file query04.pdb (PDB, C-alpha atoms, pLDDT in the B column)
ATOM      1  CA  LEU A 244       1.746  15.212 -10.296  1.00 46.00           C
ATOM      2  CA  ARG A 245       3.124  12.617 -12.715  1.00 42.00           C
ATOM      3  CA  LEU A 246       2.491   9.808 -10.233  1.00 46.00           C
ATOM      4  CA  ARG A 247      -1.114  10.970  -9.725  1.00 48.00           C
ATOM      5  CA  PHE A 248      -2.098  11.939 -13.284  1.00 50.00           C
ATOM      6  CA  PHE A 249       0.310   9.584 -15.129  1.00 49.00           C
ATOM      7  CA  ALA A 250       1.746  12.471 -17.155  1.00 57.00           C
ATOM      8  CA  SER A 251       4.075  15.393 -16.557  1.00 61.00           C
ATOM      9  CA  MET A 252       2.194  18.564 -15.679  1.00 58.00           C
ATOM     10  CA  ARG A 253       3.580  22.027 -15.084  1.00 66.00           C
ATOM     11  CA  SER A 254       0.232  23.383 -13.935  1.00 68.00           C
ATOM     12  CA  VAL A 255      -3.362  22.335 -13.409  1.00 64.00           C
ATOM     13  CA  SER A 256      -5.934  23.733 -15.839  1.00 70.00           C
ATOM     14  CA  GLN A 257      -9.005  25.572 -14.615  1.00 70.00           C
ATOM     15  CA  ALA A 258     -11.203  22.827 -16.111  1.00 73.00           C
ATOM     16  CA  LEU A 259      -9.379  20.108 -14.163  1.00 60.00           C
ATOM     17  CA  LEU A 260      -9.454  22.214 -11.020  1.00 57.00           C
ATOM     18  CA  ASP A 261     -13.234  22.675 -11.376  1.00 61.00           C
ATOM     19  CA  LYS A 262     -13.656  18.906 -11.871  1.00 59.00           C
ATOM     20  CA  LEU A 263     -11.610  18.179  -8.729  1.00 59.00           C
ATOM     21  CA  ILE A 264     -13.386  20.758  -6.576  1.00 61.00           C
ATOM     22  CA  HIS A 265     -17.010  20.346  -7.692  1.00 59.00           C
ATOM     23  CA  TYR A 266     -18.301  16.818  -7.279  1.00 65.00           C
ATOM     24  CA  ASP A 267     -21.498  15.068  -6.205  1.00 69.00           C
ATOM     25  CA  PRO A 268     -21.124  14.300  -2.475  1.00 66.00           C
ATOM     26  CA  THR A 269     -23.558  11.384  -2.746  1.00 74.00           C
ATOM     27  CA  ARG A 270     -21.120   9.601  -5.091  1.00 81.00           C
ATOM     28  CA  ALA A 271     -17.754  11.087  -4.144  1.00 87.00           C
ATOM     29  CA  MET A 272     -15.676  11.966  -1.108  1.00 90.00           C
ATOM     30  CA  ALA A 273     -12.341  13.650  -0.517  1.00 90.00           C
ATOM     31  CA  PHE A 274     -10.144  13.534   2.562  1.00 91.00           C
ATOM     32  CA  ILE A 275      -7.614  16.341   2.742  1.00 90.00           C
ATOM     33  CA  ALA A 276      -4.521  16.647   4.949  1.00 89.00           C
ATOM     34  CA  ILE A 277      -3.686  20.221   5.950  1.00 89.00           C
ATOM     35  CA  ASP A 278      -0.417  21.414   7.513  1.00 84.00           C
ATOM     36  CA  GLU A 279      -1.450  22.957  10.842  1.00 87.00           C
ATOM     37  CA  GLN A 280       1.203  25.701  10.734  1.00 89.00           C
ATOM     38  CA  SER A 281       1.014  26.836   7.107  1.00 89.00           C
ATOM     39  CA  GLN A 282      -2.642  25.853   6.533  1.00 89.00           C
ATOM     40  CA  LYS A 283      -1.585  24.475   3.135  1.00 86.00           C
ATOM     41  CA  MET A 284      -2.895  21.236   1.706  1.00 84.00           C
ATOM     42  CA  ILE A 285      -0.259  18.506   1.936  1.00 87.00           C
ATOM     43  CA  GLY A 286      -2.280  15.610   0.556  1.00 89.00           C
ATOM     44  CA  VAL A 287      -5.660  14.441  -0.644  1.00 90.00           C
ATOM     45  CA  VAL A 288      -7.354  11.132  -1.371  1.00 94.00           C
ATOM     46  CA  ARG A 289     -10.526  11.090  -3.436  1.00 93.00           C
ATOM     47  CA  LEU A 290     -13.065   8.311  -3.769  1.00 95.00           C
ATOM     48  CA  HIS A 291     -15.662   8.098  -6.556  1.00 93.00           C
ATOM     49  CA  ASP A 292     -18.412   5.485  -6.547  1.00 93.00           C
ATOM     50  CA  ASP A 293     -19.258   3.553  -9.683  1.00 90.00           C
ATOM     51  CA  THR A 294     -22.746   4.079 -11.086  1.00 86.00           C
ATOM     52  CA  ASN A 295     -23.968   0.952  -9.266  1.00 86.00           C
ATOM     53  CA  GLY A 296     -22.829   2.360  -5.907  1.00 85.00           C
ATOM     54  CA  GLN A 297     -21.176  -0.915  -4.882  1.00 93.00           C
ATOM     55  CA  ASN A 298     -17.588  -0.241  -5.931  1.00 96.00           C
ATOM     56  CA  ALA A 299     -15.401   2.837  -6.028  1.00 96.00           C
ATOM     57  CA  GLU A 300     -12.160   4.148  -7.457  1.00 95.00           C
ATOM     58  CA  PHE A 301      -9.643   6.127  -5.420  1.00 95.00           C
ATOM     59  CA  ALA A 302      -6.845   8.509  -6.325  1.00 93.00           C
ATOM     60  CA  ILE A 303      -4.288   9.986  -3.947  1.00 92.00           C
ATOM     61  CA  LEU A 304      -1.816  12.842  -4.094  1.00 87.00           C
ATOM     62  CA  VAL A 305       0.771  13.764  -1.448  1.00 86.00           C
ATOM     63  CA  ARG A 306       3.314  16.593  -1.702  1.00 70.00           C
ATOM     64  CA  SER A 307       6.618  15.172  -2.913  1.00 60.00           C
ATOM     65  CA  ARG A 308       8.626  16.425   0.065  1.00 56.00           C
ATOM     66  CA  LEU A 309       6.265  14.602   2.439  1.00 54.00           C
ATOM     67  CA  LYS A 310       6.391  11.182   0.814  1.00 63.00           C
ATOM     68  CA  ASP A 311       7.312   8.426   3.288  1.00 63.00           C
ATOM     69  CA  HIS A 312       6.166  10.531   6.270  1.00 64.00           C
ATOM     70  CA  GLY A 313       2.838   8.749   6.843  1.00 81.00           C
ATOM     71  CA  VAL A 314       0.523  11.286   5.203  1.00 88.00           C
ATOM     72  CA  GLY A 315      -0.507   8.887   2.435  1.00 90.00           C
ATOM     73  CA  TRP A 316      -0.930   6.037   4.922  1.00 91.00           C
ATOM     74  CA  LEU A 317      -3.268   8.142   7.080  1.00 92.00           C
ATOM     75  CA  LEU A 318      -5.301   9.340   4.093  1.00 94.00           C
ATOM     76  CA  MET A 319      -5.638   5.796   2.755  1.00 94.00           C
ATOM     77  CA  LYS A 320      -6.782   4.502   6.151  1.00 94.00           C
ATOM     78  CA  HIS A 321      -9.496   7.189   6.323  1.00 94.00           C
ATOM     79  CA  MET A 322     -10.632   6.342   2.788  1.00 95.00           C
ATOM     80  CA  ILE A 323     -10.782   2.617   3.595  1.00 95.00           C
ATOM     81  CA  GLU A 324     -12.753   3.174   6.806  1.00 94.00           C
ATOM     82  CA  PHE A 325     -15.188   5.440   4.953  1.00 94.00           C
ATOM     83  CA  SER A 326     -15.565   2.779   2.239  1.00 94.00           C
ATOM     84  CA  LYS A 327     -16.347   0.112   4.827  1.00 93.00           C
ATOM     85  CA  HIS A 328     -18.996   2.286   6.498  1.00 91.00           C
ATOM     86  CA  LYS A 329     -20.508   3.054   3.108  1.00 91.00           C
ATOM     87  CA  ASP A 330     -20.795  -0.725   2.524  1.00 92.00           C
ATOM     88  CA  LEU A 331     -18.801  -0.687  -0.686  1.00 94.00           C
ATOM     89  CA  LYS A 332     -17.762  -4.106  -1.990  1.00 95.00           C
ATOM     90  CA  THR A 333     -14.403  -3.084  -3.451  1.00 96.00           C
ATOM     91  CA  VAL A 334     -12.120  -0.087  -3.795  1.00 97.00           C
ATOM     92  CA  ARG A 335      -9.655   0.091  -6.652  1.00 96.00           C
ATOM     93  CA  GLY A 336      -7.084   2.417  -8.109  1.00 95.00           C
ATOM     94  CA  GLN A 337      -4.384   2.618 -10.719  1.00 94.00           C
ATOM     95  CA  VAL A 338      -0.724   3.071  -9.798  1.00 94.00           C
ATOM     96  CA  LEU A 339       2.231   3.611 -12.096  1.00 91.00           C
ATOM     97  CA  SER A 340       4.427   0.506 -12.096  1.00 94.00           C
ATOM     98  CA  ASP A 341       7.457   2.566 -11.066  1.00 90.00           C
ATOM     99  CA  ASN A 342       5.682   4.050  -8.018  1.00 90.00           C
ATOM    100  CA  SER A 343       7.209   1.489  -5.671  1.00 91.00           C
ATOM    101  CA  SER A 344       6.300   3.394  -2.489  1.00 89.00           C
ATOM    102  CA  MET A 345       2.602   3.441  -3.360  1.00 91.00           C
ATOM    103  CA  LEU A 346       2.598  -0.190  -4.440  1.00 95.00           C
ATOM    104  CA  ALA A 347       4.318  -1.212  -1.183  1.00 94.00           C
ATOM    105  CA  MET A 348       1.770   0.755   0.863  1.00 92.00           C
ATOM    106  CA  CYS A 349      -1.127  -0.809  -1.048  1.00 95.00           C
ATOM    107  CA  ALA A 350       0.317  -4.289  -0.440  1.00 95.00           C
ATOM    108  CA  GLU A 351       0.632  -3.546   3.295  1.00 93.00           C
ATOM    109  CA  LEU A 352      -2.968  -2.333   3.361  1.00 94.00           C
ATOM    110  CA  GLY A 353      -4.161  -5.603   1.804  1.00 93.00           C
ATOM    111  CA  PHE A 354      -4.758  -4.522  -1.797  1.00 96.00           C
ATOM    112  CA  HIS A 355      -4.425  -7.120  -4.552  1.00 96.00           C
ATOM    113  CA  ILE A 356      -1.976  -5.843  -7.176  1.00 97.00           C
ATOM    114  CA  THR A 357      -2.292  -6.902 -10.811  1.00 97.00           C
ATOM    115  CA  ASP A 358      -1.001  -5.728 -14.169  1.00 96.00           C
ATOM    116  CA  ASP A 359      -3.347  -3.370 -15.956  1.00 92.00           C
ATOM    117  CA  PRO A 360      -4.339  -5.177 -19.185  1.00 89.00           C
ATOM    118  CA  GLY A 361      -4.593  -1.898 -21.079  1.00 88.00           C
ATOM    119  CA  ASP A 362      -1.259  -0.384 -20.015  1.00 88.00           C
ATOM    120  CA  PRO A 363       1.940  -2.282 -19.164  1.00 88.00           C
ATOM    121  CA  GLY A 364       3.237   0.712 -17.181  1.00 91.00           C
ATOM    122  CA  VAL A 365       0.282   0.640 -14.779  1.00 93.00           C
ATOM    123  CA  LYS A 366      -0.818  -1.653 -11.967  1.00 96.00           C
ATOM    124  CA  THR A 367      -4.402  -2.029 -10.788  1.00 96.00           C
ATOM    125  CA  VAL A 368      -4.806  -2.240  -7.006  1.00 97.00           C
ATOM    126  CA  THR A 369      -8.038  -3.667  -5.611  1.00 97.00           C
ATOM    127  CA  LEU A 370      -9.187  -4.021  -2.010  1.00 96.00           C
ATOM    128  CA  PRO A 371     -12.225  -6.167  -1.229  1.00 95.00           C
ATOM    129  CA  MET A 372     -13.912  -4.414   1.690  1.00 92.00           C
ATOM    130  CA  ARG A 373     -14.772  -7.711   3.376  1.00 82.00           C
ATOM    131  CA  ALA A 374     -11.019  -8.300   3.669  1.00 67.00           C
ATOM    132  CA  ALA A 375     -10.266  -4.828   5.059  1.00 68.00           C
ATOM    133  CA  HIS A 376      -9.622  -5.197   8.779  1.00 61.00           C
ATOM    134  CA  LEU A 377      -8.086  -1.783   9.228  1.00 55.00           C
ATOM    135  CA  THR A 378      -8.941   0.555  12.074  1.00 48.00           C
ATOM    136  CA  LEU A 379      -7.777   4.100  12.561  1.00 46.00           C
TER
END

call {"tool": "encode", "arguments": {"input": "query04.pdb", "output": "structure tokens"}}
result
Amino acid sequence: LRLRFFASMRSVSQALLDKLIHYDPTRAMAFIAIDEQSQKMIGVVRLHDDTNGQNAEFAILVRSRLKDHGVGWLLMKHMIEFSKHKDLKTVRGQVLSDNSSMLAMCAELGFHITDDPGDPGVKTVTLPMRAAHLTL
């Protein structure tokens, strides 16, 4: 949770849960990975369009025990393909500077990685959709 929300969390509040569950499908999308045996969610990537509808911000969360097993990679690829079909110009996200696995995956996927001017502990990752040549 710290790598997703940038702060330690013991639990998720009802208000945050409502915000994550109830969103406008014309401006937001979520792709969820479910374990076939347990039927539990193992990861999710969310995409929210800016008010102009040309750019979007993503956020991803994968269960800690499943990191480096390809779940995040698959979710990111689905999000990128969806973004291309939606004709977005760019997709961006924020990643903690010490989240080396996520930064490496973003680099492999073609994201530009820069320092966040407002927070030295955060990197901004940006993918121009015209440069995204990824297929599922």

call {"tool": "atom_distance", "arguments": {"input": "query04.pdb", "atom1": "CA of Met322 (chain A)", "atom2": "CA of Ala273 (chain A)"}}
result
8.2 Å

call {"tool": "atom_distance", "arguments": {"input": "query04.pdb", "atom1": "CA of Asp358 (chain A)", "atom2": "CA of Gly336 (chain A)"}}
result
11.8 Å

call {"tool": "closest_residue", "arguments": {"input": "query04.pdb", "among": "A:His291, A:Lys320, A:Lys332, A:Lys366", "to": "Glu351 (chain A)", "atoms": "only C-alpha atoms"}}
result
A:Lys320

call {"tool": "closest_residue", "arguments": {"input": "query04.pdb", "among": "A:Met372, A:Ile356, A:Val305, A:Ile275", "to": "Asp330 (chain A)", "atoms": "only C-alpha atoms"}}
result
A:Met372

call {"tool": "resolve_selection", "arguments": {"input": "query04.pdb", "expression": "the PyMOL selection byres ((chain A and resi 289) around 8)", "output": "list in words"}}
result
Ala271, Met272, Ala273, Phe274, Val287, Val288, Leu290, His291, Phe301, Ala302, Ile303 and Met322 of chain A

call {"tool": "atom_distance", "arguments": {"input": "query04.pdb", "atom1": "CA of Ile323 (chain A)", "atom2": "CA of Val338 (chain A)"}}
result
16.8 Å

call {"tool": "residues_near_point", "arguments": {"input": "query04.pdb", "point": "(0.7, 3.7, -9.7)", "cutoff": "12 Å", "atoms": "all atoms listed in the file", "output": "PyMOL selection string"}}
result
chain A and resi 244-250+301-304+335-349+356-359+362-368

call {"tool": "residues_around", "arguments": {"input": "query04.pdb", "residues": "Thr333 (chain A)", "least_positions_apart": "4", "cutoff": "7 Å", "atoms": "all atoms listed in the file", "output": "ChimeraX atom specification"}}
result
/A:298-299,369-372

call {"tool": "closest_residue", "arguments": {"input": "query04.pdb", "among": "A:Arg306, A:His355, A:His328, A:Pro360", "to": "Lys283 (chain A)", "atoms": "all atoms listed in the file"}}
result
A:Arg306
